[in-house]
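Everything below concerns the one structure shown next.
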Amino acid sequence: MLLGIAWLVPLASFTLIVLFGPRMGKHGVGAAYLATSAIVIGLVCSLIALAGWLGKYGFSSAPHEAEIAASTDDGAEGHGTAGHAAEGHHAAGGEEHGRPLGKPVAYTADWYTLGEFGSLKISISYYIDALTVAMFAMVTLIASCIHFYAIGYMHDELHDVTDHEVTLSDGHHLHRPGRFHRFFQYLSLFCFSMLGLVYAGNILMVFVFWELVGICSYFLIGFYIERKSASNAANKAFIVNRVGDFGMIIGMMALWSGLGTFAFGDIEDADGNVRPGIFSLVRDPAHGFELAVPDRMVRAAAFDNVDEVVVDHAGNPDRLAPESEIESRLPSWRAEHYGYWLLVIAGVGIFCGCVGKSAQFPLHVWLPDAMEGPTPVSALVHSATMVAAGVYLTGRFYPVFTPEARLVIAYTGGITLLLAATIAITATDIKRVLAYSTVSQLGYMMLALGVGGWIAGLFHLITHAFFKSLLFLCSGSVIHACHTNEMPRMGGLRKKMPWTAYTMLAGCLAIIGAGLPPLFGFWPFGFGLSGFYSKDSIIAQAYSFWTENPTHGAFLFAAAAGGASMTAFYMFRLWFMTFAGPPRDHHVYEHAHESPKIMYVPLVILAVFACCIGWTIRGTWSVTNLIEQARWPGEAGVGVLLPSLVYPNEHLSHGHEIHLVAGFTAFSTALGGLLLAVIFYGVRWLNPGEVRQQFAPVYTFLLNKWYFDELYDLLFVRPAHFVALIIAWFDKKVIDGFIDNLARWTRGVATIDDMIDRYFVDGLVNLTAAWTYSLGQSFRGLQTGKLRQYVMLIVIGTVALTVIINFAAAR
Amino acid sequence: MNPLAEPIGISHFMVVGAIMFVSGVVCMAAKRNALGVLMGIELVLNGANVNFVALSSDFLRGNPADGLGLDGQFIALFVIVLAAAEAAVALAIVLNFYNNHATIDVDRADELKG
């Protein structure tokens, strides 16, 4: 498969750079070309795959036809997708009929089985549906642009670098060799991990790549490792993510114990048996894809009752009797909600991982700190890879989420969205504004997913990826030119760097969802930049959710609408402060310059996509219709805890009255925020400084990021340090003391041993030697060398012997 | 009884042998000339030979059927051969000693003393 190649090429590039990086051209410049060509090959493969997919399935969502028809009975005819589906159905041809109705098209199989333990199968597998294809195209496209951009941005690293932000103990600045190749090596690994995550066919493989993405972000955030802040930020990102991953592991365990499989889709093995995947188990096609607790999960949760049945039948000779009894009692157990909570835990657990990765409240603290990495990394982390992974996984696991889990997702998203937007208003670091903006937009996506807007959320993921990478690269270009991150020192840069300024303007307009709302049937769809469509559909879905659930919907809709206006405000605050008005710092202004071509050409490409990725061409060709193909049909059912919660069908949000309200809400809030920004920073009718003084407590509160860092410091970091201190003391005093004493004892014993050896054993040997020596010495005089003396001695000796023997014999 | 009047018996031979042995030993112990010492050795050996031959006479043998009755003579022959070999080696040593030290005084040959 082409996507497989696209996935593995960055890995090859990473391996090559690891092995030969420093030797590639001057200062490893070849590494950049290798990594870039690898990702471009990936891009080409992905685009071919996308074209192939479109050629086969078009933009239709034919499988949902029946469902849509059923769900739109109440007259709120989904004017968009249902109509398109009918058109697309003809284009797609008759092969659609071969598949079971309703199940989304997905190719899934095992590539390689790593191990099989009972029914636990660990394998490298893939699950490719329309969402995978779309994600591949998006990730590789953005990553390619960022690679090109990074060649320009990172050129400082080509020679030795003096880091002015690091002061060594001797007062000099740190001087180190450039790390150009290492940067591209990590970028390649990053792309590989992200593509693998999207490609993965089972949750275990997702987890592996999930962690790989985490470690890559750790490397890249800590790229300027010598700076204390960078290494702290890298640690923070990694540790905060671990918290989320712990939840994810719990979710995986719940899924495993309940379902006995990690695979997403149904995999046919060599014998032709089909092993159903998680999705088909949870949403059985035989029951209209309604979310239901699978039998196995019920049994796993009701293990007490199962034991009871088995014990009752202990004396029964029929071995199958307990089994059939359990079978017969399963429906009643299910009615008592056995296993349902397991499913909730699974959903919330998986979502916990996504909270960590996508920087949702309360684990959002790492993302702004991740700004310490080089800007291309920020762009990659914030758009296509790291944070997108969380939203992607939430979207991928959407069929598994129960209504309760969805509500958790929605509230998390809503809180995050407001929280981050308010912080972004006061931040002055250009990258931090964008970082909080990312957190806020991710909140939007989660909110959309939580209120049932599956397509809206994922659509926003893709549009957001384009304009956020654009915005980050623009900010990188500004930083590159000004050598500062602080917006108060910028201003008026529009004249110096027009390309950057106007592409960034396009990005800002896209993110605030600029566009004309539908005008009373005269212009039914409205027209705008990509953000307009995706944000519009989120707000529409939130509104539609509100109409169904007045209690929960109000906050969520308010969050979405309020967030929209705040987005407009802070984005244009950023733009005006940076590019408009008179220059605030003349030194910075004088030195500013437009970036080289290799940096602004990707900006233009991304700007084009940021504008038009959301467009619907010829009524059918749109990203939403493509993603729609991957949607798992059926509804989440009725929640146990919240039976009143109703999820409106997503197509209903296209209904005219809902769409109209939502469209105008989005338009007016965005316009309001924009006007406010113009008043404050564009034409300066109001002085921001005065307003700041008037609302000083609020301002300080927001400037300090709601004191989250301080709170976590107090709640987790300090106690952890304290516990660590105690443990260190224990380690040092008790364990080390014990070991030291042991060593001392051993040494004492060894000394005694040594004395015995030296004086006793050696003495014995020496004594023998001394005796032998003295004996030899005393016999030495006997050997005179005089021959005649010898003869005499022999004679005398012989005579003496004879005499003695004779006397002895005589006696 | 006059011993000279008696017929010659084994004791006569043994007396001759003893005299030869003792004069050989004395010669070895007293001579400083290496050649004299060698002569003394010859005397000792030949004294022993006389004893061997004398003691192997029929007179002393219990049962003549036990053998040819020539044991002593054989041993004497071996001793003569050994003596010849030994004399050859010893003369070679003496010759070399003379070449190195220009003397054959055995008292001067004390280089092997302890």
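Ordered as shown in the structure tokens, chains take letters A, B, and onward, while each chain numbers its residues from 1 and ligands are numbered from 1 in the order shown.
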Ala30 in chain B: which residues within 10 Å, counting only C-alpha atoms, same-chain residues fewer than 3 positions away excluded, as a PDB file with N, CA and C atoms, in the first residue's frame?
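Listing of around29.pdb after writing:
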ATOM      1  N   ARG A 788      90.104 -35.784  46.832  1.00  0.00           N
ATOM      2  CA  ARG A 788      90.701 -36.774  47.740  1.00  0.00           C
ATOM      3  C   ARG A 788      89.952 -36.792  49.053  1.00  0.00           C
ATOM      4  N   GLN A 789      89.503 -35.651  49.418  1.00  0.00           N
ATOM      5  CA  GLN A 789      88.711 -35.608  50.643  1.00  0.00           C
ATOM      6  C   GLN A 789      87.441 -36.435  50.495  1.00  0.00           C
ATOM      7  N   VAL A 791      86.962 -38.959  48.569  1.00  0.00           N
ATOM      8  CA  VAL A 791      87.310 -40.390  48.618  1.00  0.00           C
ATOM      9  C   VAL A 791      87.454 -40.837  50.062  1.00  0.00           C
ATOM     10  N   MET A 792      88.137 -40.021  50.831  1.00  0.00           N
ATOM     11  CA  MET A 792      88.323 -40.356  52.235  1.00  0.00           C
ATOM     12  C   MET A 792      86.983 -40.473  52.957  1.00  0.00           C
TER      13      MET A 792
ATOM     14  N   GLY B  24      94.271 -49.613  46.203  1.00  0.00           N
ATOM     15  CA  GLY B  24      93.582 -48.729  45.232  1.00  0.00           C
ATOM     16  C   GLY B  24      92.989 -47.527  45.923  1.00  0.00           C
ATOM     17  N   VAL B  25      92.275 -47.795  47.041  1.00  0.00           N
ATOM     18  CA  VAL B  25      91.625 -46.697  47.758  1.00  0.00           C
ATOM     19  C   VAL B  25      92.664 -45.709  48.269  1.00  0.00           C
ATOM     20  N   VAL B  26      93.727 -46.273  48.832  1.00  0.00           N
ATOM     21  CA  VAL B  26      94.780 -45.399  49.349  1.00  0.00           C
ATOM     22  C   VAL B  26      95.365 -44.567  48.214  1.00  0.00           C
ATOM     23  N   CYS B  27      95.556 -45.239  47.096  1.00  0.00           N
ATOM     24  CA  CYS B  27      96.104 -44.556  45.932  1.00  0.00           C
ATOM     25  C   CYS B  27      95.191 -43.407  45.515  1.00  0.00           C
ATOM     26  N   ASN B  33      98.064 -36.517  41.572  1.00  0.00           N
ATOM     27  CA  ASN B  33      98.060 -36.631  40.125  1.00  0.00           C
ATOM     28  C   ASN B  33      96.786 -37.338  39.687  1.00  0.00           C
ATOM     29  N   GLY B  36      97.192 -40.820  38.581  1.00  0.00           N
ATOM     30  CA  GLY B  36      97.365 -41.729  39.717  1.00  0.00           C
ATOM     31  C   GLY B  36      96.018 -42.127  40.294  1.00  0.00           C
ATOM     32  N   VAL B  37      95.144 -41.159  40.434  1.00  0.00           N
ATOM     33  CA  VAL B  37      93.795 -41.450  40.961  1.00  0.00           C
ATOM     34  C   VAL B  37      93.110 -42.462  40.063  1.00  0.00           C
ATOM     35  N   GLY B  40      94.414 -45.805  40.723  1.00  0.00           N
ATOM     36  CA  GLY B  40      93.826 -46.314  41.966  1.00  0.00           C
ATOM     37  C   GLY B  40      92.442 -46.886  41.718  1.00  0.00           C
TER      38      GLY B  40
END
Write out as a PDB file with C-alpha atoms, in the first residue's frame all residues of range 3-87 of chain B that DSSP puts in alpha helix (DSSP H) for this structure's backbone.
ATOM      1  CA  ILE B  10      89.266 -68.822  48.486  1.00  0.00           C
ATOM      2  CA  SER B  11      90.639 -66.862  51.410  1.00  0.00           C
ATOM      3  CA  HIS B  12      93.943 -66.380  49.591  1.00  0.00           C
ATOM      4  CA  PHE B  13      92.237 -64.913  46.647  1.00  0.00           C
ATOM      5  CA  MET B  14      90.134 -62.716  48.927  1.00  0.00           C
ATOM      6  CA  VAL B  15      93.229 -61.524  50.746  1.00  0.00           C
ATOM      7  CA  VAL B  16      94.834 -60.606  47.411  1.00  0.00           C
ATOM      8  CA  GLY B  17      91.604 -58.858  46.394  1.00  0.00           C
ATOM      9  CA  ALA B  18      91.410 -56.979  49.671  1.00  0.00           C
ATOM     10  CA  ILE B  19      95.053 -55.884  49.405  1.00  0.00           C
ATOM     11  CA  MET B  20      94.428 -54.631  45.875  1.00  0.00           C
ATOM     12  CA  PHE B  21      91.247 -52.823  46.956  1.00  0.00           C
ATOM     13  CA  VAL B  22      92.843 -51.089  49.891  1.00  0.00           C
ATOM     14  CA  SER B  23      95.928 -50.086  47.916  1.00  0.00           C
ATOM     15  CA  GLY B  24      93.582 -48.729  45.232  1.00  0.00           C
ATOM     16  CA  VAL B  25      91.625 -46.697  47.758  1.00  0.00           C
ATOM     17  CA  VAL B  26      94.780 -45.399  49.349  1.00  0.00           C
ATOM     18  CA  CYS B  27      96.104 -44.556  45.932  1.00  0.00           C
ATOM     19  CA  MET B  28      92.885 -42.620  45.140  1.00  0.00           C
ATOM     20  CA  ALA B  29      92.974 -40.776  48.413  1.00  0.00           C
ATOM     21  CA  ALA B  30      96.652 -40.005  48.452  1.00  0.00           C
ATOM     22  CA  ALA B  34      94.783 -37.304  38.303  1.00  0.00           C
ATOM     23  CA  LEU B  35      96.339 -40.166  36.402  1.00  0.00           C
ATOM     24  CA  GLY B  36      97.365 -41.729  39.717  1.00  0.00           C
ATOM     25  CA  VAL B  37      93.795 -41.450  40.961  1.00  0.00           C
ATOM     26  CA  LEU B  38      92.620 -43.190  37.791  1.00  0.00           C
ATOM     27  CA  MET B  39      95.136 -45.982  38.386  1.00  0.00           C
ATOM     28  CA  GLY B  40      93.826 -46.314  41.966  1.00  0.00           C
ATOM     29  CA  ILE B  41      90.310 -46.687  40.556  1.00  0.00           C
ATOM     30  CA  GLU B  42      91.582 -49.477  38.270  1.00  0.00           C
ATOM     31  CA  LEU B  43      93.096 -51.185  41.282  1.00  0.00           C
ATOM     32  CA  VAL B  44      89.839 -50.953  43.253  1.00  0.00           C
ATOM     33  CA  LEU B  45      87.856 -52.343  40.395  1.00  0.00           C
ATOM     34  CA  ASN B  46      90.230 -55.173  39.734  1.00  0.00           C
ATOM     35  CA  GLY B  47      90.371 -56.034  43.431  1.00  0.00           C
ATOM     36  CA  ALA B  48      86.651 -56.426  43.308  1.00  0.00           C
ATOM     37  CA  ASN B  49      86.997 -58.514  40.149  1.00  0.00           C
ATOM     38  CA  VAL B  50      89.321 -60.934  41.921  1.00  0.00           C
ATOM     39  CA  ASN B  51      86.721 -61.370  44.645  1.00  0.00           C
ATOM     40  CA  PHE B  52      83.971 -62.000  42.109  1.00  0.00           C
ATOM     41  CA  VAL B  53      85.934 -64.631  40.254  1.00  0.00           C
ATOM     42  CA  ALA B  54      87.105 -66.305  43.452  1.00  0.00           C
ATOM     43  CA  LEU B  55      83.663 -66.417  45.013  1.00  0.00           C
ATOM     44  CA  ASP B  71      78.324 -65.772  37.152  1.00  0.00           C
ATOM     45  CA  GLY B  72      81.380 -64.210  38.770  1.00  0.00           C
ATOM     46  CA  GLN B  73      83.394 -64.322  35.561  1.00  0.00           C
ATOM     47  CA  PHE B  74      80.582 -62.592  33.673  1.00  0.00           C
ATOM     48  CA  ILE B  75      80.279 -59.835  36.247  1.00  0.00           C
ATOM     49  CA  ALA B  76      84.053 -59.449  36.100  1.00  0.00           C
ATOM     50  CA  LEU B  77      83.874 -59.064  32.329  1.00  0.00           C
ATOM     51  CA  PHE B  78      81.191 -56.368  32.699  1.00  0.00           C
ATOM     52  CA  VAL B  79      83.301 -54.566  35.274  1.00  0.00           C
ATOM     53  CA  ILE B  80      86.283 -54.622  32.847  1.00  0.00           C
ATOM     54  CA  VAL B  81      84.109 -53.159  30.095  1.00  0.00           C
ATOM     55  CA  LEU B  82      82.734 -50.507  32.440  1.00  0.00           C
ATOM     56  CA  ALA B  83      86.238 -49.730  33.673  1.00  0.00           C
ATOM     57  CA  ALA B  84      87.428 -49.241  30.101  1.00  0.00           C
ATOM     58  CA  ALA B  85      84.517 -46.906  29.329  1.00  0.00           C
ATOM     59  CA  GLU B  86      85.008 -45.014  32.537  1.00  0.00           C
ATOM     60  CA  ALA B  87      88.719 -44.658  31.914  1.00  0.00           C
TER      61      ALA B  87
END
Top pick for closest residue to chain A, considering B:Ala88, B:Ile104, B:Ile8, B:Leu112 and counting only C-alpha atoms: B:Leu112
For range 345-354 of chain A: contacts at 8 Å, only C-alpha atoms, fewer than 3 positions along chain excluded, given as number ranges by chain: A: 241, 243-255, 341-342, 357-360, 389-391, 393-394, 397, 400-402, 405, 408-409
Name the closest residue to Gly443 in chain A among the candidates A:Lys535, A:Arg227, A:Arg747, A:His483; distances are taken between atoms, counting only C-alpha atoms. A:Lys535
When you draw a straight line from CA of Glu548 in chain A to CA of Leu407 in chain A, how long is it in Å? 13.6 Å
Counting only C-alpha atoms, collect the residues of chain A whose closest atom lies at most 9 Å from chain B, and write them out as a list in words. Gln777, Phe779, Arg780, Gly781, Leu782, Gln783, Thr784, Gly785, Lys786, Leu787, Arg788, Gln789, Tyr790, Val791, Met792 and Val795 of chain A
Compile the contact shell of Asp369 in chain A as JSON, numbers by chain: residues with an atom at most 8 Å away, counting only C-alpha atoms, same-chain residues fewer than 5 positions apart removed. {"A": [233, 236, 237]}
Which polymer residues have any atom within 12 Å of an atom of Tyr502 in chain A, counting only C-alpha atoms, with same-chain residues fewer than 3 positions away left out, as a list in words? Leu470, Leu471, Cys474, Leu493, Arg494, Lys495, Lys496, Met497, Pro498, Trp499, Leu505, Ala506, Gly507, Cys508, Leu509, Trp575, Phe576, Thr578, Phe579, Ala580, Tyr600, Leu603, Val604, Ala607 and Val608 of chain A
Would you save the residues from that selection as a compact mmCIF listing (two decimals), in the first residue's frame, using C-alpha atoms?
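Wrote result_31.txt, looks like this:
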# COMPACT_ATOMS: atom_id res chain seq x y z
CA LEU A 470 0.59 28.88 8.60
CA LEU A 471 0.30 31.19 11.61
CA CYS A 474 4.57 33.32 9.98
CA LEU A 493 6.48 45.23 10.30
CA ARG A 494 3.96 45.08 7.47
CA LYS A 495 6.14 47.33 5.36
CA LYS A 496 9.28 45.37 6.03
CA MET A 497 7.96 41.88 5.45
CA PRO A 498 4.87 42.02 3.25
CA TRP A 499 4.75 38.32 2.37
CA LEU A 505 -3.53 38.02 7.74
CA ALA A 506 -5.01 35.21 5.66
CA GLY A 507 -4.30 32.80 8.50
CA CYS A 508 -5.91 35.12 11.05
CA LEU A 509 -8.99 35.54 8.93
CA TRP A 575 -1.75 40.96 13.94
CA PHE A 576 -2.17 44.64 14.69
CA THR A 578 2.96 42.92 15.12
CA PHE A 579 2.39 44.33 11.70
CA ALA A 580 0.33 47.50 11.95
CA TYR A 600 7.87 32.39 2.57
CA LEU A 603 3.73 30.25 3.75
CA VAL A 604 2.00 31.08 0.51
CA ALA A 607 -2.16 30.28 3.00
CA VAL A 608 -3.83 29.02 -0.15
Neighbouring residues of Leu574 in chain A were defined as those with any atom within 9 Å, considering only C-alpha atoms; residues of the same chain fewer than 5 positions away were excluded. Please report them as an MDAnalysis selection string. chainID A and resid 428 430 433:434 487 569 579
Pull N, CA and C atoms from the residues just selected and write them as a JSON list (two decimals), in the first residue's frame.
[["chain", "number", "residue", "atom", "x", "y", "z"],
["A", 428, "THR", "N", 1.71, 38.26, 25.74],
["A", 428, "THR", "CA", 2.42, 39.19, 24.87],
["A", 428, "THR", "C", 3.45, 38.49, 23.99],
["A", 430, "ILE", "N", 4.48, 36.36, 21.15],
["A", 430, "ILE", "CA", 3.71, 36.07, 19.93],
["A", 430, "ILE", "C", 3.42, 34.58, 19.79],
["A", 433, "VAL", "N", 0.67, 33.44, 22.35],
["A", 433, "VAL", "CA", -0.69, 33.73, 21.91],
["A", 433, "VAL", "C", -1.17, 32.62, 21.00],
["A", 434, "LEU", "N", -0.30, 32.25, 20.06],
["A", 434, "LEU", "CA", -0.68, 31.19, 19.12],
["A", 434, "LEU", "C", -0.86, 29.86, 19.86],
["A", 487, "MET", "N", 5.69, 40.84, 21.50],
["A", 487, "MET", "CA", 4.93, 41.68, 20.59],
["A", 487, "MET", "C", 5.07, 43.17, 20.89],
["A", 569, "PHE", "N", -10.71, 38.41, 18.64],
["A", 569, "PHE", "CA", -10.05, 39.52, 19.33],
["A", 569, "PHE", "C", -8.55, 39.27, 19.44],
["A", 579, "PHE", "N", 2.17, 43.83, 13.05],
["A", 579, "PHE", "CA", 2.39, 44.33, 11.70],
["A", 579, "PHE", "C", 1.91, 45.75, 11.47]]
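What separates CA of Asn806 in chain A from CA of Gly9 in chain B is a distance of 25.0 Å.
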Selection near Cys216 in chain A, 12 Å with only C-alpha atoms, sequence-local residues under 6 positions removed, as a PDB file with N, CA and C atoms, in the first residue's frame:
ATOM      1  N   PHE A  14      15.160   8.863   8.918  1.00  0.00           N
ATOM      2  CA  PHE A  14      15.625   9.024  10.293  1.00  0.00           C
ATOM      3  C   PHE A  14      16.826   8.125  10.562  1.00  0.00           C
ATOM      4  N   ARG A 182      20.622  17.012  13.368  1.00  0.00           N
ATOM      5  CA  ARG A 182      19.846  16.384  14.428  1.00  0.00           C
ATOM      6  C   ARG A 182      18.402  16.864  14.393  1.00  0.00           C
ATOM      7  N   PHE A 183      18.235  18.124  14.059  1.00  0.00           N
ATOM      8  CA  PHE A 183      16.887  18.669  13.966  1.00  0.00           C
ATOM      9  C   PHE A 183      16.072  17.906  12.933  1.00  0.00           C
ATOM     10  N   PHE A 184      16.685  17.680  11.768  1.00  0.00           N
ATOM     11  CA  PHE A 184      15.930  16.999  10.723  1.00  0.00           C
ATOM     12  C   PHE A 184      15.733  15.526  11.033  1.00  0.00           C
ATOM     13  N   GLN A 185      16.674  14.989  11.762  1.00  0.00           N
ATOM     14  CA  GLN A 185      16.524  13.595  12.183  1.00  0.00           C
ATOM     15  C   GLN A 185      15.273  13.443  13.053  1.00  0.00           C
ATOM     16  N   TYR A 186      15.101  14.378  14.001  1.00  0.00           N
ATOM     17  CA  TYR A 186      13.918  14.303  14.858  1.00  0.00           C
ATOM     18  C   TYR A 186      12.644  14.578  14.063  1.00  0.00           C
ATOM     19  N   LEU A 187      12.743  15.528  13.126  1.00  0.00           N
ATOM     20  CA  LEU A 187      11.557  15.817  12.319  1.00  0.00           C
ATOM     21  C   LEU A 187      11.112  14.564  11.588  1.00  0.00           C
ATOM     22  N   SER A 188      12.081  13.825  11.032  1.00  0.00           N
ATOM     23  CA  SER A 188      11.724  12.611  10.298  1.00  0.00           C
ATOM     24  C   SER A 188      11.060  11.607  11.217  1.00  0.00           C
ATOM     25  N   LEU A 189      11.645  11.444  12.397  1.00  0.00           N
ATOM     26  CA  LEU A 189      11.065  10.476  13.335  1.00  0.00           C
ATOM     27  C   LEU A 189       9.667  10.917  13.740  1.00  0.00           C
ATOM     28  N   PHE A 190       9.520  12.200  13.898  1.00  0.00           N
ATOM     29  CA  PHE A 190       8.227  12.750  14.292  1.00  0.00           C
ATOM     30  C   PHE A 190       7.177  12.411  13.233  1.00  0.00           C
ATOM     31  N   CYS A 191       7.517  12.666  11.973  1.00  0.00           N
ATOM     32  CA  CYS A 191       6.567  12.392  10.894  1.00  0.00           C
ATOM     33  C   CYS A 191       6.255  10.910  10.842  1.00  0.00           C
ATOM     34  N   PHE A 192       7.293  10.112  10.989  1.00  0.00           N
ATOM     35  CA  PHE A 192       7.077   8.667  10.964  1.00  0.00           C
ATOM     36  C   PHE A 192       6.102   8.246  12.065  1.00  0.00           C
ATOM     37  N   SER A 193       6.305   8.771  13.266  1.00  0.00           N
ATOM     38  CA  SER A 193       5.456   8.372  14.381  1.00  0.00           C
ATOM     39  C   SER A 193       4.018   8.794  14.146  1.00  0.00           C
ATOM     40  N   MET A 194       3.872  10.023  13.670  1.00  0.00           N
ATOM     41  CA  MET A 194       2.505  10.516  13.481  1.00  0.00           C
ATOM     42  C   MET A 194       1.791   9.715  12.409  1.00  0.00           C
ATOM     43  N   PHE A 209       2.904   4.287  18.903  1.00  0.00           N
ATOM     44  CA  PHE A 209       3.269   5.475  18.134  1.00  0.00           C
ATOM     45  C   PHE A 209       2.929   6.751  18.897  1.00  0.00           C
ATOM     46  N   TRP A 210       1.904   6.637  19.690  1.00  0.00           N
ATOM     47  CA  TRP A 210       1.521   7.725  20.595  1.00  0.00           C
ATOM     48  C   TRP A 210       2.724   8.121  21.445  1.00  0.00           C
ATOM     49  N   GLY A 222      12.942  20.243  23.629  1.00  0.00           N
ATOM     50  CA  GLY A 222      14.210  20.434  24.323  1.00  0.00           C
ATOM     51  C   GLY A 222      15.391  20.551  23.373  1.00  0.00           C
ATOM     52  N   PHE A 223      15.127  21.065  22.165  1.00  0.00           N
ATOM     53  CA  PHE A 223      16.208  21.122  21.177  1.00  0.00           C
ATOM     54  C   PHE A 223      17.347  22.010  21.665  1.00  0.00           C
ATOM     55  N   ALA A 234      10.525  20.678  28.060  1.00  0.00           N
ATOM     56  CA  ALA A 234      10.501  19.327  27.496  1.00  0.00           C
ATOM     57  C   ALA A 234      10.070  18.322  28.558  1.00  0.00           C
ATOM     58  N   ALA A 237       6.326  18.750  29.223  1.00  0.00           N
ATOM     59  CA  ALA A 237       5.497  18.152  28.181  1.00  0.00           C
ATOM     60  C   ALA A 237       5.457  16.646  28.359  1.00  0.00           C
ATOM     61  N   PHE A 238       6.602  16.073  28.628  1.00  0.00           N
ATOM     62  CA  PHE A 238       6.663  14.620  28.708  1.00  0.00           C
ATOM     63  C   PHE A 238       5.907  14.103  29.930  1.00  0.00           C
ATOM     64  N   GLY A 373      10.740  25.193  21.896  1.00  0.00           N
ATOM     65  CA  GLY A 373      11.369  24.548  20.743  1.00  0.00           C
ATOM     66  C   GLY A 373      11.489  25.538  19.593  1.00  0.00           C
ATOM     67  N   VAL A 377       9.101  23.462  14.758  1.00  0.00           N
ATOM     68  CA  VAL A 377       8.610  22.387  15.611  1.00  0.00           C
ATOM     69  C   VAL A 377       7.271  22.767  16.202  1.00  0.00           C
ATOM     70  N   LEU A 380       4.725  22.228  13.707  1.00  0.00           N
ATOM     71  CA  LEU A 380       4.419  20.816  13.472  1.00  0.00           C
ATOM     72  C   LEU A 380       3.630  20.241  14.639  1.00  0.00           C
ATOM     73  N   VAL A 381       4.086  20.559  15.858  1.00  0.00           N
ATOM     74  CA  VAL A 381       3.421  20.030  17.050  1.00  0.00           C
ATOM     75  C   VAL A 381       1.988  20.530  17.104  1.00  0.00           C
ATOM     76  N   THR A 385       0.813  17.179  13.932  1.00  0.00           N
ATOM     77  CA  THR A 385       1.235  15.937  14.569  1.00  0.00           C
ATOM     78  C   THR A 385       0.707  15.769  15.981  1.00  0.00           C
ATOM     79  N   MET A 386       1.483  16.239  16.932  1.00  0.00           N
ATOM     80  CA  MET A 386       1.240  15.895  18.333  1.00  0.00           C
ATOM     81  C   MET A 386      -0.199  16.140  18.783  1.00  0.00           C
TER      82      MET A 386
END
